[in-house]
$ cat data-v1.tsv   # TSV, C-alpha atoms and all ligand atoms
chain	number	residue	atom	x	y	z
A	1	MET	CA	109.72	86.84	-8.34
A	2	LYS	CA	109.79	83.76	-6.13
A	3	ILE	CA	113.18	83.13	-4.51
A	4	THR	CA	114.09	79.63	-3.30
A	5	LEU	CA	117.24	79.19	-1.28
A	6	SER	CA	118.87	75.76	-1.28
A	7	ALA	CA	118.55	73.93	2.03
A	8	TYR	CA	122.28	73.17	1.82
A	9	ALA	CA	123.64	76.55	0.67
A	10	GLY	CA	126.83	77.73	2.31
A	11	PHE	CA	129.44	76.36	4.67
A	12	CYS	CA	129.41	72.58	5.00
A	13	GLU	CA	130.21	70.94	8.36
A	14	GLY	CA	133.88	70.52	7.39
A	15	VAL	CA	134.39	74.20	6.51
A	16	GLU	CA	132.35	75.40	9.49
A	17	ARG	CA	134.52	73.27	11.75
A	18	ALA	CA	137.77	74.57	10.22
A	19	TYR	CA	136.63	78.19	10.51
A	20	ASP	CA	135.56	77.72	14.16
A	21	ILE	CA	138.92	76.15	15.04
A	22	VAL	CA	140.84	79.04	13.46
A	23	GLU	CA	138.63	81.63	15.18
A	24	LYS	CA	139.28	79.87	18.50
A	25	ILE	CA	143.06	79.62	18.17
A	26	ALA	CA	143.29	83.24	16.97
A	27	LYS	CA	141.86	84.28	20.35
A	28	ASP	CA	143.92	81.83	22.40
A	29	PRO	CA	147.05	83.49	23.88
A	30	LEU	CA	148.59	80.07	24.54
A	31	VAL	CA	148.81	79.25	20.83
A	32	LYS	CA	152.32	79.84	19.48
A	33	ARG	CA	152.62	82.95	17.25
A	34	PRO	CA	152.75	83.82	14.41
A	35	ILE	CA	149.93	81.62	13.10
A	36	PHE	CA	149.87	80.75	9.41
A	37	VAL	CA	147.39	78.77	7.31
A	38	LEU	CA	148.71	76.50	4.58
A	39	GLY	CA	146.95	78.13	1.62
A	40	SER	CA	143.36	79.40	1.72
A	41	LEU	CA	141.39	77.97	4.64
A	42	VAL	CA	138.47	77.91	2.21
A	43	HIS	CA	138.35	78.98	-1.41
A	44	ASN	CA	136.69	82.29	-0.75
A	45	ASP	CA	138.47	85.66	-0.75
A	46	ASP	CA	136.09	87.29	1.74
A	47	VAL	CA	136.56	84.49	4.28
A	48	VAL	CA	140.33	84.58	3.78
A	49	GLN	CA	140.26	88.33	4.44
A	50	ARG	CA	138.29	87.85	7.69
A	51	ILE	CA	140.82	85.28	8.83
A	52	GLU	CA	143.69	87.67	8.03
A	53	ASP	CA	141.89	90.33	10.06
A	54	MET	CA	142.07	87.91	13.02
A	55	GLY	CA	145.86	87.95	12.61
A	56	VAL	CA	146.10	84.56	10.90
A	57	ARG	CA	147.99	84.84	7.65
A	58	LYS	CA	148.10	82.63	4.58
A	59	VAL	CA	151.27	80.96	3.39
A	60	HIS	CA	151.85	79.00	0.17
A	61	VAL	CA	153.94	75.91	-0.30
A	62	GLU	CA	155.83	75.96	-3.56
A	63	GLY	CA	158.10	73.05	-4.28
A	64	PRO	CA	159.01	70.27	-1.85
A	65	LEU	CA	157.66	70.50	1.70
A	66	GLU	CA	161.17	70.12	3.19
A	67	GLU	CA	162.29	73.29	1.38
A	68	PHE	CA	159.23	75.11	2.66
A	69	PHE	CA	160.02	74.18	6.28
A	70	GLU	CA	163.64	75.16	5.77
A	71	LYS	CA	162.48	78.56	4.48
A	72	ILE	CA	160.03	79.26	7.33
A	73	LYS	CA	162.40	77.93	10.03
A	74	GLY	CA	162.05	80.06	13.16
A	75	GLU	CA	159.44	82.33	11.56
A	76	VAL	CA	156.28	80.31	12.10
A	77	GLY	CA	154.85	79.37	15.48
A	78	THR	CA	151.74	77.50	14.43
A	79	LEU	CA	150.72	76.10	11.07
A	80	VAL	CA	147.08	75.34	10.26
A	81	ILE	CA	146.24	72.50	7.88
A	82	THR	CA	143.05	73.34	5.99
A	83	ALA	CA	139.90	71.19	5.69
A	84	HIS	CA	141.24	69.87	2.35
A	85	GLY	CA	144.01	68.01	4.18
A	86	ILE	CA	147.62	67.38	3.15
A	87	GLY	CA	150.04	64.48	2.70
A	88	PRO	CA	151.47	62.58	5.70
A	89	LYS	CA	154.98	64.07	5.52
A	90	ILE	CA	153.95	67.32	7.21
A	91	TYR	CA	153.62	65.69	10.63
A	92	GLU	CA	157.25	64.57	10.88
A	93	LEU	CA	158.54	67.83	9.36
A	94	ALA	CA	156.56	69.96	11.80
A	95	LYS	CA	158.09	67.99	14.65
A	96	LYS	CA	161.59	68.31	13.23
A	97	TYR	CA	161.28	72.09	12.73
A	98	GLU	CA	159.39	72.62	16.02
A	99	VAL	CA	156.31	74.09	14.41
A	100	ASP	CA	152.97	73.45	16.15
A	101	LEU	CA	150.31	72.00	13.88
A	102	VAL	CA	146.59	72.65	14.06
A	103	ASP	CA	144.89	70.12	11.84
A	104	THR	CA	141.45	71.11	10.54
A	105	THR	CA	141.31	68.37	7.88
A	106	CYS	CA	137.65	67.43	7.42
A	107	PRO	CA	136.97	63.99	8.96
A	108	ARG	CA	135.45	62.92	5.63
A	109	VAL	CA	138.67	63.75	3.83
A	110	ILE	CA	140.66	61.90	6.51
A	111	LYS	CA	138.57	58.83	5.74
A	112	VAL	CA	139.61	58.94	2.06
A	113	GLN	CA	143.27	59.58	2.99
A	114	ARG	CA	143.21	56.51	5.26
A	115	LEU	CA	141.62	54.43	2.51
A	116	ALA	CA	144.35	55.51	0.08
A	117	LYS	CA	147.01	54.47	2.58
A	118	ALA	CA	145.33	51.15	3.37
A	119	PHE	CA	144.98	50.25	-0.32
A	120	PHE	CA	148.59	51.19	-0.98
A	121	ASP	CA	149.76	49.06	1.97
A	122	ARG	CA	147.86	46.12	0.45
A	123	ASN	CA	149.67	46.45	-2.85
A	124	THR	CA	146.55	47.63	-4.65
A	125	GLN	CA	146.50	49.81	-7.77
A	126	ILE	CA	144.63	52.94	-6.69
A	127	VAL	CA	142.46	55.03	-9.01
A	128	ILE	CA	141.40	58.49	-7.87
A	129	ILE	CA	138.44	60.06	-9.63
A	130	GLY	CA	139.21	63.73	-9.14
A	131	GLU	CA	141.18	66.78	-10.24
A	132	ARG	CA	144.88	66.06	-9.85
A	133	ASN	CA	145.68	69.72	-9.12
A	134	HIS	CA	143.06	70.13	-6.43
A	135	LYS	CA	144.45	70.50	-2.93
A	136	GLU	CA	142.42	67.66	-1.42
A	137	VAL	CA	143.33	65.28	-4.26
A	138	LYS	CA	147.04	66.14	-4.00
A	139	GLY	CA	146.91	65.19	-0.31
A	140	ILE	CA	145.09	61.91	-0.98
A	141	TYR	CA	147.66	61.12	-3.71
A	142	GLU	CA	150.47	61.54	-1.18
A	143	TRP	CA	148.70	59.23	1.27
A	144	ALA	CA	148.68	56.72	-1.61
A	145	ASN	CA	152.46	57.12	-1.72
A	146	LYS	CA	152.09	58.92	-5.07
A	147	GLN	CA	151.14	55.62	-6.69
A	148	ALA	CA	147.66	56.41	-8.00
A	149	ILE	CA	146.14	56.88	-11.45
A	150	PHE	CA	143.83	59.88	-11.95
A	151	ILE	CA	140.53	59.89	-13.80
A	152	GLU	CA	139.52	63.49	-14.43
A	153	THR	CA	137.63	63.33	-17.72
A	154	ASP	CA	135.82	60.94	-20.04
A	155	GLU	CA	138.99	60.88	-22.17
A	156	ASP	CA	140.95	59.52	-19.21
A	157	LEU	CA	138.29	56.86	-18.89
A	158	CYS	CA	138.61	55.80	-22.54
A	159	GLY	CA	142.35	55.29	-22.23
A	160	PHE	CA	142.12	53.58	-18.84
A	161	ASP	CA	144.19	50.42	-18.81
A	162	VAL	CA	145.80	48.59	-15.87
A	163	ASP	CA	147.30	45.19	-15.13
A	164	PRO	CA	144.22	42.93	-14.76
A	165	LYS	CA	146.09	40.65	-12.37
A	166	LYS	CA	146.70	43.42	-9.85
A	167	LYS	CA	144.21	44.33	-7.12
A	168	LEU	CA	142.34	47.50	-8.05
A	169	ALA	CA	140.59	50.10	-5.90
A	170	VAL	CA	138.67	53.20	-6.93
A	171	ILE	CA	138.15	56.19	-4.64
A	172	SER	CA	136.98	59.72	-5.41
A	173	GLN	CA	137.47	63.35	-4.47
A	174	THR	CA	134.83	64.18	-1.84
A	175	THR	CA	133.35	66.96	-3.98
A	176	GLN	CA	133.31	65.22	-7.36
A	177	ASP	CA	130.33	65.25	-9.69
A	178	GLN	CA	128.23	62.24	-8.61
A	179	GLU	CA	127.13	61.51	-12.18
A	180	PHE	CA	130.70	61.39	-13.42
A	181	VAL	CA	131.84	59.20	-10.53
A	182	ASP	CA	128.94	56.77	-11.11
A	183	ARG	CA	129.71	56.64	-14.82
A	184	ALA	CA	133.45	56.16	-14.27
A	185	ALA	CA	132.94	53.53	-11.55
A	186	ALA	CA	130.49	51.57	-13.73
A	187	GLN	CA	132.85	51.59	-16.69
A	188	ILE	CA	135.86	50.52	-14.61
A	189	SER	CA	133.86	47.76	-12.89
A	190	LYS	CA	132.66	46.47	-16.24
A	191	LYS	CA	136.21	46.18	-17.56
A	192	TYR	CA	137.70	45.05	-14.23
A	193	PRO	CA	134.97	43.20	-12.26
A	194	HIS	CA	137.38	42.60	-9.36
A	195	ALA	CA	137.77	46.40	-8.77
A	196	GLN	CA	136.81	47.56	-5.31
A	197	VAL	CA	134.86	50.78	-5.73
A	198	VAL	CA	134.38	53.09	-2.75
A	199	ASP	CA	132.03	56.00	-3.29
A	200	SER	CA	133.87	58.60	-1.24
A	201	ILE	CA	131.83	61.65	-2.29
A	202	CYS	CA	130.75	63.25	0.96
A	203	LEU	CA	127.06	63.18	1.86
A	204	THR	CA	126.80	66.98	1.95
A	205	THR	CA	128.09	67.19	-1.63
A	206	HIS	CA	125.72	64.43	-2.70
A	207	HIS	CA	122.68	66.21	-1.18
A	208	ARG	CA	123.63	69.55	-2.73
A	209	GLN	CA	124.06	68.07	-6.20
A	210	THR	CA	120.78	66.12	-6.04
A	211	GLU	CA	118.90	69.17	-4.82
A	212	ILE	CA	120.32	71.59	-7.41
A	213	LYS	CA	119.22	69.32	-10.27
A	214	GLN	CA	115.65	69.52	-8.98
A	215	LEU	CA	115.81	73.27	-8.32
A	216	ALA	CA	117.22	73.92	-11.79
A	217	LYS	CA	114.23	72.05	-13.27
A	218	GLU	CA	111.67	73.93	-11.23
A	219	ASN	CA	113.01	77.50	-11.55
A	220	ASP	CA	113.47	79.95	-14.42
A	221	VAL	CA	116.91	81.08	-13.25
A	222	VAL	CA	119.57	79.54	-10.99
A	223	ILE	CA	122.22	81.52	-9.15
A	224	ALA	CA	125.21	79.58	-7.83
A	225	ILE	CA	127.42	81.53	-5.44
A	226	GLY	CA	131.06	80.65	-4.89
A	227	SER	CA	134.63	81.30	-5.83
A	228	PRO	CA	135.91	80.04	-9.22
A	229	GLU	CA	138.68	78.35	-7.20
A	230	SER	CA	136.11	76.32	-5.28
A	231	ALA	CA	135.65	72.91	-6.91
A	232	ASN	CA	132.32	72.15	-5.27
A	233	SER	CA	130.84	75.58	-6.10
A	234	THR	CA	131.85	75.32	-9.77
A	235	ARG	CA	130.41	71.82	-9.87
A	236	LEU	CA	127.03	73.02	-8.57
A	237	TRP	CA	126.87	75.62	-11.32
A	238	GLU	CA	127.88	73.08	-14.01
A	239	ILE	CA	125.19	70.65	-12.85
A	240	ALA	CA	122.56	73.42	-12.80
A	241	GLN	CA	123.61	74.54	-16.28
A	242	ARG	CA	123.18	71.06	-17.71
A	243	VAL	CA	119.54	71.17	-16.63
A	244	ASN	CA	118.83	74.89	-17.00
A	245	PRO	CA	120.96	77.09	-19.31
A	246	SER	CA	119.83	80.19	-17.39
A	247	SER	CA	122.19	79.31	-14.56
A	248	TYR	CA	124.77	81.88	-13.49
A	249	PHE	CA	127.87	81.67	-11.35
A	250	ILE	CA	128.64	84.66	-9.15
A	251	GLN	CA	131.04	85.46	-6.34
A	252	ARG	CA	128.98	88.14	-4.63
A	253	ALA	CA	125.80	90.25	-4.91
A	254	ALA	CA	127.50	92.91	-7.05
A	255	ASP	CA	127.92	90.33	-9.85
A	256	LEU	CA	124.15	89.95	-10.37
A	257	GLU	CA	122.91	91.40	-13.68
A	258	ASN	CA	119.37	92.73	-14.09
A	259	ALA	CA	119.16	91.33	-17.63
A	260	TRP	CA	119.17	87.77	-16.26
A	261	PHE	CA	115.80	88.32	-14.59
A	262	LEU	CA	113.77	90.06	-17.32
A	263	ASP	CA	111.12	87.31	-17.75
A	264	CYS	CA	111.96	85.51	-14.57
A	265	LYS	CA	109.19	84.39	-12.20
A	266	SER	CA	111.26	82.10	-10.02
A	267	VAL	CA	114.91	81.94	-9.04
A	268	ALA	CA	116.79	79.28	-7.11
A	269	VAL	CA	119.90	80.21	-5.15
A	270	THR	CA	122.59	77.75	-4.20
A	271	ALA	CA	126.07	78.25	-2.78
A	272	GLY	CA	129.20	76.16	-2.48
A	273	ALA	CA	130.54	74.73	0.76
A	274	SER	CA	133.02	77.60	1.08
A	275	THR	CA	130.51	80.44	0.68
A	276	PRO	CA	129.81	82.25	3.97
A	277	LYS	CA	126.28	83.09	5.11
A	278	TRP	CA	126.89	86.83	4.95
A	279	ILE	CA	127.48	86.65	1.18
A	280	ILE	CA	124.37	84.49	0.65
A	281	ASP	CA	122.31	87.01	2.65
A	282	GLU	CA	123.60	89.88	0.51
A	283	VAL	CA	122.62	88.04	-2.68
A	284	ILE	CA	119.13	87.25	-1.36
A	285	ASN	CA	118.64	90.88	-0.28
A	286	ARG	CA	119.69	92.13	-3.69
A	287	LEU	CA	117.37	89.65	-5.46
A	288	GLU	CA	114.48	90.82	-3.30
A	289	THR	CA	114.92	94.34	-4.61
A	290	LEU	CA	114.58	93.22	-8.24
A	301	LIG	S1	132.59	69.29	1.24
A	301	LIG	FE1	132.36	67.43	2.49
A	301	LIG	S2	134.43	66.59	2.61
A	301	LIG	FE2	134.66	68.70	1.92
A	301	LIG	S3	135.00	69.88	3.80
A	301	LIG	FE3	132.78	69.89	3.38
A	301	LIG	S4	131.93	68.17	4.57
A	301	LIG	FE4	134.16	67.89	4.40
$ encode --input "data-v1.tsv" --output "structure tokens" --more "lines below"
Ligand code: SF4
Amino acid sequence: MKITLSAYAGFCEGVERAYDIVEKIAKDPLVKRPIFVLGSLVHNDDVVQRIEDMGVRKVHVEGPLEEFFEKIKGEVGTLVITAHGIGPKIYELAKKYEVDLVDTTCPRVIKVQRLAKAFFDRNTQIVIIGERNHKEVKGIYEWANKQAIFIETDEDLCGFDVDPKKKLAVISQTTQDQEFVDRAAAQISKKYPHAQVVDSICLTTHHRQTEIKQLAKENDVVIAIGSPESANSTRLWEIAQRVNPSSYFIQRAADLENAWFLDCKSVAVTAGASTPKWIIDEVINRLETL
């Protein structure tokens, strides 16, 4: 059985950067303790466990950010913002409550946050193509002063209606499905020709999605590795499945099932931006034994 590994499988630059920063501060005695990460640094349980083993724990924000800071007052030395980013309020609150911040927001996400703020400042109706409950999108929404409309599905697109006299800008989650964003942007531009559309899908995501379509065509089976919580991993699997129904989504090597490979001569392996190399290696090793 021929095994082809995606050229883009695994940690993207943004996740790699965030992980390196956390590894570095965990070893730095000058960094104020205890260190907490705001949620999962990446959507992958194994990576989260490794980070906890370094002494960096995960903390969740439930409810308003002010209440969270009130609750952790005096108990947190350093707070790490993940690569997904967060709304602007955290910076003033961290100062007020004397918590040190380590910001690992991916520069590509920062770009979209800044765009959201700039459009809001110019009195523009903002449209975000993305999942409203995704961490990155929630942050971008806050940078837009919570004044954006979400497009998540084709149904949202059908019912999309705004004041035609108002300036209109369209931005997207960095890991959105390129086909959906193109379709949504085209439809909005047709109805509102004055709309300013910014394709804010990150290049890494774009390359991965383009490549997986090709790999799914050329191979009998596709294996996508990632956590179900990871938007970009799930998306890779969905795209592969549209082209090749023998596409499977797994979290680790133990999830592979022999029955998937009965008449299989070629398998393509891809992995989301939050999947570490050690998990990809395990999957490849297991496939080689089949
Ligand atoms: S997927 Fe793109 S935007 Fe998201 S962390 Fe990775 S490089 Fe940054």
$ residues_around --input "data-v1.tsv" --residues "A:Val181" --least-positions-apart "2" --cutoff "9 Å" --atoms "all atoms listed in the file" --output "list in words"
Ile129, Gly130, Ser172, Gln176, Asp177, Gln178, Glu179, Arg183, Ala184, Ala185, Ala186, Asp199 and Ile201 of chain A
$ residues_near_point --input "data-v1.tsv" --point "(156.6, 70.3, 17.3)" --cutoff "12 Å" --atoms "all atoms listed in the file" --output "PDB file with C-alpha atoms, keeping the file's coordinate frame"
ATOM      1  CA  LYS A  32     152.320  79.840  19.480  1.00  0.00           C
ATOM      2  CA  GLY A  74     162.050  80.060  13.160  1.00  0.00           C
ATOM      3  CA  VAL A  76     156.280  80.310  12.100  1.00  0.00           C
ATOM      4  CA  GLY A  77     154.850  79.370  15.480  1.00  0.00           C
ATOM      5  CA  THR A  78     151.740  77.500  14.430  1.00  0.00           C
ATOM      6  CA  LEU A  79     150.720  76.100  11.070  1.00  0.00           C
ATOM      7  CA  ILE A  90     153.950  67.320   7.210  1.00  0.00           C
ATOM      8  CA  TYR A  91     153.620  65.690  10.630  1.00  0.00           C
ATOM      9  CA  GLU A  92     157.250  64.570  10.880  1.00  0.00           C
ATOM     10  CA  LEU A  93     158.540  67.830   9.360  1.00  0.00           C
ATOM     11  CA  ALA A  94     156.560  69.960  11.800  1.00  0.00           C
ATOM     12  CA  LYS A  95     158.090  67.990  14.650  1.00  0.00           C
ATOM     13  CA  LYS A  96     161.590  68.310  13.230  1.00  0.00           C
ATOM     14  CA  TYR A  97     161.280  72.090  12.730  1.00  0.00           C
ATOM     15  CA  GLU A  98     159.390  72.620  16.020  1.00  0.00           C
ATOM     16  CA  VAL A  99     156.310  74.090  14.410  1.00  0.00           C
ATOM     17  CA  ASP A 100     152.970  73.450  16.150  1.00  0.00           C
ATOM     18  CA  LEU A 101     150.310  72.000  13.880  1.00  0.00           C
ATOM     19  CA  VAL A 102     146.590  72.650  14.060  1.00  0.00           C
TER      20      VAL A 102
END
$ residues_near_ligand --input "data-v1.tsv" --ligand "ligand LIG 301 (chain A)" --cutoff "6 Å" --atoms "all atoms listed in the file" --output "list in words"
Cys12, Glu13, Gly14, Val15, Ala83, Cys106, Arg108, Val109, Thr174, Thr175, Cys202, Thr204, Thr205 and Ala273 of chain A
$ residues_around --input "data-v1.tsv" --residues "stretch 113-120 of chain A" --least-positions-apart "2" --cutoff "10 Å" --atoms "all atoms listed in the file" --output "ChimeraX atom specification"
/A:85-88,107-111,122-128,136-137,139-148,167-171,196,198,200
$ write_last_selection --input "data-v1.tsv" --atoms "C-alpha atoms" --output "CSV table (one decimal), keeping the file's coordinate frame"
chain,number,residue,atom,x,y,z
A,85,GLY,CA,144.0,68.0,4.2
A,86,ILE,CA,147.6,67.4,3.2
A,87,GLY,CA,150.0,64.5,2.7
A,88,PRO,CA,151.5,62.6,5.7
A,107,PRO,CA,137.0,64.0,9.0
A,108,ARG,CA,135.4,62.9,5.6
A,109,VAL,CA,138.7,63.8,3.8
A,110,ILE,CA,140.7,61.9,6.5
A,111,LYS,CA,138.6,58.8,5.7
A,122,ARG,CA,147.9,46.1,0.4
A,123,ASN,CA,149.7,46.4,-2.8
A,124,THR,CA,146.6,47.6,-4.6
A,125,GLN,CA,146.5,49.8,-7.8
A,126,ILE,CA,144.6,52.9,-6.7
A,127,VAL,CA,142.5,55.0,-9.0
A,128,ILE,CA,141.4,58.5,-7.9
A,136,GLU,CA,142.4,67.7,-1.4
A,137,VAL,CA,143.3,65.3,-4.3
A,139,GLY,CA,146.9,65.2,-0.3
A,140,ILE,CA,145.1,61.9,-1.0
A,141,TYR,CA,147.7,61.1,-3.7
A,142,GLU,CA,150.5,61.5,-1.2
A,143,TRP,CA,148.7,59.2,1.3
A,144,ALA,CA,148.7,56.7,-1.6
A,145,ASN,CA,152.5,57.1,-1.7
A,146,LYS,CA,152.1,58.9,-5.1
A,147,GLN,CA,151.1,55.6,-6.7
A,148,ALA,CA,147.7,56.4,-8.0
A,167,LYS,CA,144.2,44.3,-7.1
A,168,LEU,CA,142.3,47.5,-8.0
A,169,ALA,CA,140.6,50.1,-5.9
A,170,VAL,CA,138.7,53.2,-6.9
A,171,ILE,CA,138.2,56.2,-4.6
A,196,GLN,CA,136.8,47.6,-5.3
A,198,VAL,CA,134.4,53.1,-2.8
A,200,SER,CA,133.9,58.6,-1.2
$ residues_around --input "data-v1.tsv" --residues "A:Gln241" --least-positions-apart "2" --cutoff "10 Å" --atoms "all atoms listed in the file" --output "number ranges by chain"
A: 212-213, 216, 221-222, 224, 235-239, 243-249
$ atom_distance --input "data-v1.tsv" --atom1 "atom CA of A:Val269" --atom2 "atom CA of A:Glu52"
28.2 Å
$ atom_distance --input "data-v1.tsv" --atom1 "atom CA of A:Lys277" --atom2 "atom CA of A:Arg50"
13.2 Å
$ atom_distance --input "data-v1.tsv" --atom1 "atom CA of A:Met1" --atom2 "atom CA of A:Phe261"
8.8 Å
$ residues_around --input "data-v1.tsv" --residues "A:Glu23" --least-positions-apart "3" --cutoff "10 Å" --atoms "only C-alpha atoms" --output "ChimeraX atom specification"
/A:17-20,26-28,50-51,54-56
$ residues_around --input "data-v1.tsv" --residues "A:His194" --least-positions-apart "3" --cutoff "10 Å" --atoms "all atoms listed in the file" --output "short mmCIF file (atom, residue, chain, number, x, y, z; two decimals) with C-alpha atoms, in the coordinates of the input"
data_model
loop_
_atom_site.label_atom_id
_atom_site.label_comp_id
_atom_site.auth_asym_id
_atom_site.auth_seq_id
_atom_site.Cartn_x
_atom_site.Cartn_y
_atom_site.Cartn_z
CA PRO A 164 144.22 42.93 -14.76
CA LYS A 165 146.09 40.65 -12.37
CA LYS A 166 146.70 43.42 -9.85
CA LYS A 167 144.21 44.33 -7.12
CA LEU A 168 142.34 47.50 -8.05
CA ALA A 169 140.59 50.10 -5.90
CA ILE A 188 135.86 50.52 -14.61
CA SER A 189 133.86 47.76 -12.89
CA LYS A 190 132.66 46.47 -16.24
CA LYS A 191 136.21 46.18 -17.56
CA VAL A 197 134.86 50.78 -5.73
#
$ closest_residue --input "data-v1.tsv" --among "A:Gly10, A:Thr4, A:Pro34, A:Val59" --to "A:Ile225" --atoms "all atoms listed in the file"
A:Gly10
$ closest_residue --input "data-v1.tsv" --among "A:Ile35, A:Ile21, A:Val112, A:Ile250" --to "A:Pro228" --atoms "all atoms listed in the file"
A:Ile250
